[in-house]
Every structure is written in C-alpha cells, then in structure tokens.
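Raw data_0.txt, compact mmCIF, C-alpha atoms:
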# COMPACT_ATOMS: atom_id res chain seq x y z
CA MET N 1 77.69 37.54 -5.18
CA ASN N 2 76.13 34.14 -5.96
CA ARG N 3 79.44 32.72 -7.13
CA LEU N 4 81.16 33.84 -3.93
CA THR N 5 78.39 32.19 -1.95
CA GLU N 6 78.75 28.97 -3.95
CA LYS N 7 82.48 28.84 -3.28
CA THR N 8 81.96 29.48 0.41
CA GLU N 9 79.38 26.70 0.67
CA SER N 10 81.70 24.34 -1.22
CA PHE N 11 84.56 25.02 1.19
CA LEU N 12 82.26 24.65 4.19
CA ALA N 13 81.15 21.23 2.92
CA ILE N 14 84.79 20.13 2.64
CA LYS N 15 85.45 21.53 6.11
CA ARG N 16 82.62 19.42 7.56
CA VAL N 17 84.03 16.28 5.94
CA LEU N 18 87.51 16.94 7.33
CA GLU N 19 86.11 17.71 10.79
CA SER N 20 84.18 14.44 10.83
CA HIS N 21 87.45 12.55 10.21
CA SER N 22 89.72 14.39 12.62
CA ASN N 23 91.33 11.09 13.68
CA ALA N 24 92.99 10.87 10.27
CA PHE N 25 95.15 13.87 11.18
CA GLU N 26 96.33 12.67 14.58
CA GLY N 27 100.12 12.61 14.86
CA LYS N 28 100.55 14.52 11.58
CA PRO N 29 101.43 18.11 12.59
CA ASN N 30 102.04 19.40 9.06
CA ALA N 31 98.69 18.13 7.83
CA ILE N 32 96.99 19.56 10.92
CA ALA N 33 98.57 22.95 10.25
CA PHE N 34 97.30 23.04 6.65
CA ARG N 35 93.87 21.75 7.67
CA ASP N 36 93.53 24.37 10.41
CA SER N 37 94.71 27.08 8.03
CA PHE N 38 91.99 26.01 5.60
CA PHE N 39 89.43 26.00 8.43
CA GLU N 40 90.44 29.49 9.55
CA ARG N 41 90.21 30.94 6.05
CA THR N 42 86.89 29.23 5.39
CA ALA N 43 85.42 30.63 8.62
CA THR N 44 86.57 34.14 7.72
CA LEU N 45 85.22 33.74 4.19
CA SER N 46 81.86 32.62 5.59
CA GLN N 47 81.68 35.74 7.78
CA LEU N 48 82.55 38.00 4.84
CA SER N 49 79.97 36.36 2.59
CA ALA N 50 77.28 36.79 5.24
CA ALA N 51 78.22 40.45 5.69
CA MET N 52 78.07 41.13 1.95
CA VAL N 53 74.62 39.58 1.64
CA ARG N 54 73.19 42.33 3.84
CA PRO N 55 71.71 44.92 1.47
CA VAL N 56 72.56 48.62 1.51
CA LYS N 57 69.63 49.37 -0.76
CA SER N 58 67.71 51.07 2.07
CA LEU N 59 70.64 53.43 2.54
CA TYR N 60 70.51 54.33 -1.14
CA THR N 61 66.76 54.91 -0.89
CA THR N 62 67.24 57.31 2.01
CA ARG N 63 70.00 59.12 0.12
CA ARG N 64 67.79 59.40 -2.95
CA ASP N 65 64.97 60.92 -0.89
CA GLN N 66 67.37 63.40 0.73
CA ARG N 67 68.80 64.28 -2.67
CA LEU N 68 65.34 64.97 -4.11
CA ALA N 69 64.45 67.14 -1.11
CA LEU N 70 67.63 69.17 -1.53
CA GLN N 71 67.10 69.42 -5.28
CA GLN N 72 63.56 70.78 -4.87
CA ARG N 73 64.71 73.27 -2.24
CA LEU N 74 67.62 74.38 -4.41
CA LEU N 75 65.38 74.95 -7.43
CA LEU N 76 63.25 77.32 -5.33
CA ILE N 77 66.32 79.02 -3.87
CA THR N 78 67.83 79.36 -7.35
CA ASP N 79 64.69 81.06 -8.67
CA PHE N 80 64.84 83.40 -5.70
CA GLY N 81 68.54 84.01 -6.39
CA ILE N 82 67.73 84.99 -9.98
CA MET N 83 65.19 87.50 -8.70
CA LEU N 84 67.68 88.75 -6.12
CA ALA N 85 70.41 89.24 -8.74
CA LYS N 86 68.03 91.15 -11.00
CA ASN N 87 66.99 93.45 -8.14
CA ALA N 88 70.63 93.99 -7.20
CA GLN N 89 71.45 94.51 -10.89
CA ASN N 90 74.31 92.06 -10.40
CA ASN N 91 74.88 90.44 -13.79
CA GLY N 92 77.67 88.22 -12.48
CA MET N 93 75.46 86.71 -9.79
CA LEU N 94 72.58 86.42 -12.26
CA SER N 95 74.78 84.44 -14.64
CA ILE N 96 75.80 82.09 -11.82
CA PHE N 97 72.23 81.38 -10.70
CA LEU N 98 71.05 80.84 -14.29
CA HIS N 99 73.91 78.40 -14.82
CA TYR N 100 73.00 76.52 -11.64
CA LYS N 101 69.35 76.28 -12.69
CA LYS N 102 70.35 74.49 -15.91
CA ARG N 103 72.59 72.04 -14.04
CA LEU N 104 70.44 71.14 -11.06
CA ARG N 105 68.25 68.47 -12.69
CA SER N 106 71.12 66.28 -13.86
CA ILE N 107 74.18 66.80 -11.65
CA SER N 108 75.65 64.29 -9.22
CA VAL N 109 75.14 64.39 -5.47
CA ALA N 110 78.65 65.74 -4.91
CA ALA N 111 78.13 68.52 -7.47
CA MET N 112 74.73 69.38 -5.99
CA LEU N 113 76.25 69.74 -2.54
CA GLN N 114 78.82 72.14 -3.97
CA VAL N 115 76.12 74.17 -5.75
CA ALA N 116 74.11 74.36 -2.52
CA THR N 117 77.15 75.58 -0.60
CA ASP N 118 77.93 78.20 -3.25
CA GLU N 119 74.33 79.45 -3.30
CA LEU N 120 74.30 79.75 0.48
CA GLN N 121 77.41 81.92 0.34
CA LEU N 122 75.87 84.17 -2.32
CA LEU N 123 72.65 84.58 -0.35
CA ASP N 124 74.57 85.27 2.84
CA GLN N 125 76.52 88.03 1.08
CA HIS N 126 73.20 89.70 0.20
CA ARG N 127 71.25 88.69 3.30
CA SER N 128 69.65 92.10 3.92
CA LEU N 129 68.30 92.38 0.38
CA ALA N 130 67.22 88.72 0.42
CA GLU N 131 65.21 89.24 3.61
CA ALA N 132 63.76 92.46 2.21
CA LEU N 133 62.57 90.50 -0.83
CA GLY N 134 60.84 87.98 1.41
CA LEU N 135 63.37 85.19 2.04
CA PRO N 136 62.89 84.01 5.66
CA ALA N 137 66.03 83.53 7.73
CA THR N 138 64.79 80.02 8.52
CA GLU N 139 64.96 79.13 4.80
CA ILE N 140 68.73 79.47 4.81
CA GLN N 141 68.95 77.50 8.05
CA ASP N 142 66.78 74.72 6.60
CA LEU N 143 68.92 74.60 3.46
CA GLN N 144 72.07 74.37 5.55
CA GLN N 145 70.57 71.47 7.51
CA LEU N 146 69.64 69.65 4.29
CA ILE N 147 73.19 70.08 3.03
CA THR N 148 74.62 68.76 6.29
CA ASP N 149 72.27 65.76 6.37
CA LEU N 150 72.86 64.78 2.74
CA ARG N 151 76.62 65.18 3.00
CA ALA N 152 76.71 62.93 6.08
CA LEU N 153 74.48 60.36 4.38
CA TYR N 154 76.52 60.50 1.17
CA GLU N 155 79.75 59.89 3.08
CA LEU N 156 78.15 57.05 5.05
CA THR N 157 76.95 55.41 1.83
CA GLN N 158 80.37 55.71 0.23
CA ASN N 159 82.05 54.31 3.34
CA GLN N 160 79.70 51.33 3.35
CA LEU N 161 80.33 50.69 -0.34
CA ASP N 162 84.09 50.96 0.15
CA GLN N 163 83.82 48.51 3.03
CA ARG N 164 81.81 46.05 0.91
CA ARG N 165 84.31 46.24 -1.94
CA ASN N 166 87.21 45.72 0.45
CA GLN N 167 85.36 42.74 1.89
CA ARG N 168 84.85 41.34 -1.60
CA LEU N 169 88.53 41.74 -2.47
CA ARG N 170 89.46 40.02 0.79
CA ALA N 171 86.97 37.23 0.05
CA LEU N 172 88.47 36.67 -3.40
CA ALA N 173 91.95 36.48 -1.89
CA LEU N 174 90.73 33.95 0.69
CA ILE N 175 89.15 31.83 -2.04
CA ASN N 176 92.46 31.66 -3.89
CA GLU N 177 94.30 30.77 -0.67
CA CYS N 178 91.79 28.01 0.13
CA GLN N 179 92.06 26.61 -3.38
CA ASP N 180 95.86 26.49 -3.09
CA ILE N 181 95.72 24.69 0.27
CA LEU N 182 93.33 22.11 -1.14
CA LYS N 183 95.19 21.60 -4.39
CA PHE N 184 98.75 21.50 -3.10
CA GLU N 185 98.33 20.04 0.39
CA LEU N 186 95.03 18.45 1.43
CA ASP N 187 94.31 16.73 -1.90
CA LYS N 188 97.68 14.98 -1.61
CA PHE N 189 97.17 14.12 2.05
CA VAL N 190 93.76 12.52 1.49
CA SER N 191 94.97 10.65 -1.59
CA PHE N 192 98.04 9.30 0.23
CA HIS N 193 95.91 8.00 3.13
CA ALA N 194 92.99 6.74 1.02
CA GLY N 195 93.65 3.11 1.93
CA GLU N 196 93.69 3.87 5.64
CA TRP N 197 90.70 6.24 5.59
CA PRO N 198 88.48 5.15 2.67
CA VAL N 199 85.32 6.98 3.80
CA LEU N 200 87.23 10.25 4.16
CA SER N 201 88.75 9.72 0.73
CA GLN N 202 85.40 8.93 -0.85
CA ASN N 203 83.50 11.88 0.64
CA TYR N 204 86.33 14.35 0.14
CA SER N 205 87.01 13.23 -3.44
CA HIS N 206 83.32 13.47 -4.30
CA LEU N 207 83.24 17.12 -3.26
CA ARG N 208 86.50 17.89 -5.04
CA ARG N 209 85.42 16.16 -8.27
CA ARG N 210 82.17 18.10 -8.23
CA ARG N 211 84.15 21.27 -7.73
CA ARG N 212 86.54 20.47 -10.57
CA ARG N 213 83.67 19.75 -12.97
CA HIS N 214 82.14 23.08 -12.05
CA GLN N 215 85.43 24.85 -12.63
CA SER N 216 85.91 23.22 -16.06
CA ASN N 217 89.65 22.87 -15.50
CA LYS N 218 90.09 26.54 -14.56
CA LEU N 219 92.12 26.01 -11.41
CA ASN N 220 94.85 28.27 -12.72
CA GLU N 221 92.45 30.99 -13.84
CA THR N 222 92.25 32.93 -10.63
CA SER N 223 91.94 36.56 -11.72
CA ASP N 224 88.83 38.63 -11.14
CA ILE N 225 87.07 41.74 -12.38
CA ILE N 226 84.62 43.46 -10.06
CA GLY N 227 82.83 46.74 -10.42
CA THR N 228 79.75 48.87 -10.03
CA VAL N 229 77.34 50.36 -12.55
CA SER N 230 75.95 53.70 -11.39
CA ASP N 231 73.96 56.65 -12.66
CA ALA N 232 76.39 59.42 -13.64
CA GLY N 233 73.89 62.09 -12.64
CA THR N 234 72.77 60.84 -9.24
CA GLY N 235 75.56 58.47 -8.23
CA LEU N 236 72.92 55.84 -7.42
CA PRO N 237 73.51 52.20 -8.40
CA VAL N 238 71.92 50.84 -11.55
CA ALA N 239 70.43 47.46 -10.70
CA GLY N 240 69.64 45.06 -13.52
CA ALA N 241 72.27 46.45 -15.90
CA THR N 242 73.80 43.92 -18.27
CA VAL N 243 77.59 43.59 -18.23
CA LYS N 244 79.21 41.30 -20.80
CA LEU N 245 82.71 39.84 -20.89
CA ILE N 246 83.06 39.71 -24.64
CA GLU N 247 85.90 37.21 -25.09
CA GLN N 248 84.23 34.57 -22.90
CA GLY N 249 80.71 35.44 -23.99
CA TRP N 250 79.72 35.67 -20.33
CA THR N 251 76.88 37.98 -19.32
CA ILE N 252 75.93 39.02 -15.82
CA THR N 253 73.22 41.27 -14.38
CA THR N 254 74.11 43.79 -11.68
CA ASP N 255 72.60 43.22 -8.25
CA GLY N 256 70.69 45.70 -6.09
CA ASP N 257 73.91 47.55 -5.30
CA GLY N 258 74.80 47.84 -8.99
CA ASP N 259 77.71 45.43 -8.44
CA PHE N 260 79.00 42.75 -10.79
CA LEU N 261 81.74 40.12 -10.60
CA PHE N 262 83.59 37.97 -13.12
CA ASP N 263 86.02 35.53 -11.51
CA GLU N 264 88.28 32.59 -12.40
CA LEU N 265 89.49 34.52 -15.43
CA PRO N 266 92.62 33.88 -17.49
CA ALA N 267 95.31 36.51 -17.76
CA GLY N 268 95.24 38.55 -20.95
CA HIS N 269 93.42 41.32 -22.78
CA LEU N 270 89.69 41.36 -22.01
CA THR N 271 86.86 43.70 -22.93
CA LEU N 272 83.69 44.59 -21.05
CA SER N 273 80.50 46.07 -22.42
CA CYS N 274 77.59 47.47 -20.45
CA HIS N 275 73.95 48.18 -21.25
CA ALA N 276 71.00 49.36 -19.18
CA SER N 277 67.52 50.37 -20.25
CA GLY N 278 67.07 54.13 -20.38
CA TYR N 279 70.80 54.89 -20.52
CA GLU N 280 73.31 55.67 -23.23
CA VAL N 281 75.64 52.79 -24.07
CA PRO N 282 79.10 53.57 -22.65
CA GLU N 283 82.38 52.89 -24.41
CA ILE N 284 83.66 49.33 -24.28
CA ALA N 285 86.24 48.86 -21.52
CA ALA N 286 89.59 47.34 -22.51
CA ILE N 287 91.25 45.62 -19.55
CA VAL N 288 94.65 43.97 -19.24
CA LEU N 289 94.40 41.21 -16.64
CA GLY N 290 97.48 39.67 -15.05
CA MET N 291 97.83 36.34 -13.27
CA ASN N 292 96.11 36.32 -9.86
CA ASP N 293 94.96 39.85 -10.63
CA HIS N 294 92.03 41.75 -9.10
CA VAL N 295 90.75 44.60 -11.26
CA VAL N 296 88.06 47.08 -10.24
CA TRP N 297 86.22 48.64 -13.19
CA ASN N 298 83.19 50.90 -12.75
CA PHE N 299 80.69 52.10 -15.36
CA GLN N 300 78.94 55.46 -14.97
CA LEU N 301 75.91 55.66 -17.25
CA THR N 302 74.28 58.78 -18.66
CA LYS N 303 70.50 58.84 -18.99
CA LEU N 304 69.07 59.08 -22.48
CA ALA N 305 67.62 62.45 -23.37
CA SER N 306 63.83 62.67 -23.17
CA GLY N 307 62.17 61.28 -26.27
CA ASN N 308 65.06 58.93 -27.17
Is it possible to give me this structure as structure tokens?
Amino acid sequence: MNRLTEKTESFLAIKRVLESHSNAFEGKPNAIAFRDSFFERTATLSQLSAAMVRPVKSLYTTRRDQRLALQQRLLLITDFGIMLAKNAQNNGMLSIFLHYKKRLRSISVAAMLQVATDELQLLDQHRSLAEALGLPATEIQDLQQLITDLRALYELTQNQLDQRRNQRLRALALINECQDILKFELDKFVSFHAGEWPVLSQNYSHLRRRRRRHQSNKLNETSDIIGTVSDAGTGLPVAGATVKLIEQGWTITTDGDGDFLFDELPAGHLTLSCHASGYEVPEIAAIVLGMNDHVVWNFQLTKLASGN
C-alpha cells in the first residue's frame, strides 16, 4: 500500500506544478487534453488510495468473535448430538457427530457454517428426543441466529475484500496510464517549451528526475503481483507474514489485511515464497508474468501442530 501511496503523491505533486503554470497550455488543445486526462486519472487514483487506507481490521475482529461464539456453541451441540445418537442407537448419526467434533477446532468459517447447518437438520429430525433429553427449543433458535449472523458477516467481509482488491487493480491500471501520459506526452510538451516556460520546466523536470531515480530505469516494468496471506483454518488474514520475490531478492511484510504487493516487475518467470511465525511453510509459487500483467496470488497457511 505504501508504494501506491508514494506514486499517488508523486503524481499529485506533478499535477500541482502543471496547475500553477496553466498559462503554458493556452491555445494548445492537444496538450490541454492530455493534461486534463492526467488530472482526471490522478484525482481518481487519489480517491482510491484514500479508500484503501481505511482498515477493515475491525470487521475481521468482529468476524473472529462471531466465529469463536459459534464454535463454542457447536462444540456443546456436538457433544449433545453424540449423546442423542447413542440414546437413539443411531450409529450413522453418531459417526457424523464424532467426525464433526474432530473437525470443529480447525475448519474454515465456510466449513463451520456448513457443519452448523447440517447439525441443525439432524437435531430437527430428532427434535422430540432432543427435547426429552434436555435440549431447550431456544438452543436451536440461538444456534440458527448465530449461523445467520456469521454468514452475513462473512459475506460482508468477503465483499469488502473483493472491493478493496478491485480498487487496487484499478489503481494499478491508473498508475500505468498516468505514467504513459507523462512519458509520451507531457514530458515532450514541457521539454519543447522549456525556453518559453523555464520555471515550469525546472520544477516539472525536478519531479520527473526524482521519479526516474526512484524507478531505477524501470519505466517499462509495469507488471504487478498482489495477493493475500490468510489462515487456512479460520480464513482470517495473517498480518506480518514475510513474502519474498526470489529473483529480485525483494521482501515485503503483509499489512493488517494480510495483503502484499510487488509492482514495476519485468515480464518472465518469477517465484514467491512465504513465511509466517507459527505456520507451516507453503510451497513456493511459480508465476509466469506477462508484459503489463496483473497477477493475483494468495497464500493459505496451515498452523503448526502443537509442540512444533
């Protein structure tokens, strides 16, 4: 996210310089069109960057709390289901509840929601016996409400993440478009009129030289890899995970949303590795990156077994 912010701020600085020398564009409709196109894209990019800075961590925290509440309730319901199956002498149902009990501590949110739905159906099929064994009718209602709440929250979280990733892809596209306008149009315009507008040329060139030094001659390396590192069991993001782009030797740490970004990459075969404390090391990812390509690659990490 920091690199997107840096690019946005760089473009905004150039925009301010061009705005302060608007007279240089008078009577030059083609130059005005390219300048205004750059302004429009920079403004949109600024809005996207601001939107992506807003954290969704609180949403994840709420989802985690809801997940834990459902998990605890399901463990109790599962124990009751085992007792119910034994009383009903239903070996098939007993096998199902025993299987669920083993899975409940490590399954994903989506899988847990499915288990909860399945257990509700089983209990409903044996409602009379369940109530006779002491299961209050309100218990099933409470479980149903937990399922409904967590499913809604899970979908909301996923929608917000999808929106953020779409915003990021759009931001990357805008960055490439802005770079092309500068390189192929505005750089030439300012250079051609340097004698007539020396202050514009000096200020603009200073910003562009600083940008080129930062890019290290990577103007043509415009491909990107973005992704998320998450816990395979809970679906929650893994913040602080280390993702390495092996060929370049670049290392980045995931943010609070578990997201990472490598940009201005050359086309070719690249490999990513990932590591996070307390998790198994996943397989290295082999990625084929094309020119002006945008690749999404996600890592799902499995927690180390206790004692490892």
Each segment 103-201 of chain N residue no farther than 12 Å from segment 34-44 of chain N, nearest pair in Å, only C-alpha atoms, as a tab-separated table:
residue	atom	partner	partner_atom	distance
N:Gln167	CA	N:Thr44	CA	10.5
N:Arg168	CA	N:Thr44	CA	11.9
N:Arg170	CA	N:Thr44	CA	9.5
N:Ala171	CA	N:Thr44	CA	8.3
N:Leu172	CA	N:Arg41	CA	11.2
N:Ala173	CA	N:Arg41	CA	9.8
N:Leu174	CA	N:Arg41	CA	6.2
N:Ile175	CA	N:Thr42	CA	8.2
N:Asn176	CA	N:Arg41	CA	10.2
N:Glu177	CA	N:Arg41	CA	7.9
N:Cys178	CA	N:Phe38	CA	5.8
N:Gln179	CA	N:Phe38	CA	9.0
N:Asp180	CA	N:Phe38	CA	9.5
N:Ile181	CA	N:Phe38	CA	6.6
N:Leu182	CA	N:Phe38	CA	7.9
N:Lys183	CA	N:Phe34	CA	11.3
N:Phe184	CA	N:Phe34	CA	10.0
N:Glu185	CA	N:Phe34	CA	7.0
N:Leu186	CA	N:Arg35	CA	7.2
N:Asp187	CA	N:Arg35	CA	10.8
N:Lys188	CA	N:Phe34	CA	11.5
N:Phe189	CA	N:Arg35	CA	10.0
N:Val190	CA	N:Arg35	CA	11.1
Tell me which protein, DNA and RNA residues are within 9 Å of segment 105-120 of chain N, counting all atoms listed in the file, leaving out same-chain ones fewer than 5 positions away, and put them as a PDB file with C-alpha atoms, in the coordinates of the input.
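Final output, out-v1.pdb:
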ATOM      1  CA  ARG N  67      68.800  64.280  -2.670  1.00  0.00           C
ATOM      2  CA  LEU N  70      67.630  69.170  -1.530  1.00  0.00           C
ATOM      3  CA  GLN N  71      67.100  69.420  -5.280  1.00  0.00           C
ATOM      4  CA  LEU N  74      67.620  74.380  -4.410  1.00  0.00           C
ATOM      5  CA  LEU N  75      65.380  74.950  -7.430  1.00  0.00           C
ATOM      6  CA  ILE N  77      66.320  79.020  -3.870  1.00  0.00           C
ATOM      7  CA  THR N  78      67.830  79.360  -7.350  1.00  0.00           C
ATOM      8  CA  GLY N  81      68.540  84.010  -6.390  1.00  0.00           C
ATOM      9  CA  PHE N  97      72.230  81.380 -10.700  1.00  0.00           C
ATOM     10  CA  TYR N 100      73.000  76.520 -11.640  1.00  0.00           C
ATOM     11  CA  GLN N 125      76.520  88.030   1.080  1.00  0.00           C
ATOM     12  CA  ILE N 140      68.730  79.470   4.810  1.00  0.00           C
ATOM     13  CA  LEU N 143      68.920  74.600   3.460  1.00  0.00           C
ATOM     14  CA  GLN N 144      72.070  74.370   5.550  1.00  0.00           C
ATOM     15  CA  ILE N 147      73.190  70.080   3.030  1.00  0.00           C
ATOM     16  CA  LEU N 150      72.860  64.780   2.740  1.00  0.00           C
ATOM     17  CA  ARG N 151      76.620  65.180   3.000  1.00  0.00           C
ATOM     18  CA  TYR N 154      76.520  60.500   1.170  1.00  0.00           C
ATOM     19  CA  ASP N 231      73.960  56.650 -12.660  1.00  0.00           C
ATOM     20  CA  ALA N 232      76.390  59.420 -13.640  1.00  0.00           C
ATOM     21  CA  GLY N 233      73.890  62.090 -12.640  1.00  0.00           C
ATOM     22  CA  THR N 234      72.770  60.840  -9.240  1.00  0.00           C
ATOM     23  CA  GLY N 235      75.560  58.470  -8.230  1.00  0.00           C
TER      24      GLY N 235
END
Long-range neighbours of Leu94 of chain N as a PyMOL selection string, 12 Å cut-off, all atoms listed in the file, 4 positions minimum in chain: chain N and resi 78-90+98-101+119+122
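Among the candidates N:Phe262, N:Ile14, N:Ala24, N:His269, the one nearest to Phe192 of chain N when counting only C-alpha atoms is N:Ala24.
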N:His126, N:His294, N:Lys28, N:Arg63 ranked by distance to Glu264 of chain N, top pick (using only C-alpha atoms):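 The answer is N:His294, which sits nearest to Glu264 of chain N.
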For atom CA of Trp297 of chain N and atom CA of Gly227 of chain N, the interatomic separation in Å (one decimal): 4.8 Å
Between atom CA of Ile96 of chain N and atom CA of Gln121 of chain N, distance in Å (one decimal): 12.3 Å
Between atom CA of Pro237 of chain N and atom CA of Leu301 of chain N, distance in Å (one decimal): 9.8 Å
Write out as an mmCIF file with C-alpha atoms, in the frame of the given file each polymer residue whose atoms come within 9 Å of Pro282 of chain N, counting only C-alpha atoms; drop sequence neighbours fewer than 2 positions from it.
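The result, stored in out.cif:
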data_model
loop_
_atom_site.group_PDB
_atom_site.id
_atom_site.type_symbol
_atom_site.label_atom_id
_atom_site.label_comp_id
_atom_site.auth_asym_id
_atom_site.auth_seq_id
_atom_site.Cartn_x
_atom_site.Cartn_y
_atom_site.Cartn_z
ATOM 1 C CA SER N 273 80.500 46.070 -22.420
ATOM 2 C CA CYS N 274 77.590 47.470 -20.450
ATOM 3 C CA HIS N 275 73.950 48.180 -21.250
ATOM 4 C CA TYR N 279 70.800 54.890 -20.520
ATOM 5 C CA GLU N 280 73.310 55.670 -23.230
ATOM 6 C CA ILE N 284 83.660 49.330 -24.280
ATOM 7 C CA ALA N 285 86.240 48.860 -21.520
ATOM 8 C CA PHE N 299 80.690 52.100 -15.360
ATOM 9 C CA GLN N 300 78.940 55.460 -14.970
ATOM 10 C CA LEU N 301 75.910 55.660 -17.250
ATOM 11 C CA THR N 302 74.280 58.780 -18.660
#
Protein/DNA/RNA residues near (92.3, 40.1, -19.4), cut 12 Å, all atoms listed in the file, as an MDAnalysis selection string: chainID N and resid 221:225 245:248 262:272 285:295
Nearest residue to Gln72 of chain N from the set N:Ala239, N:Leu123, N:Gln160, N:Leu146 (distances using all atoms listed in the file):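 For Gln72 of chain N, the nearest of the candidates is N:Leu146.
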Counting only C-alpha atoms, the residue of N:Thr254, N:Leu4, N:Gly278, N:Gly92 that sits nearest Leu304 of chain N: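 Closest residue, counting only C-alpha atoms: N:Gly278.
For Val238 of chain N, the non-local neighbours within 8 Å, defined as residues at least 6 positions apart in the same chain or in other chains and counting all atoms listed in the file, are Val229, Ser230, Asp231, Thr254, Gly256, Asp257, Gly258 and Ala276 of chain N.
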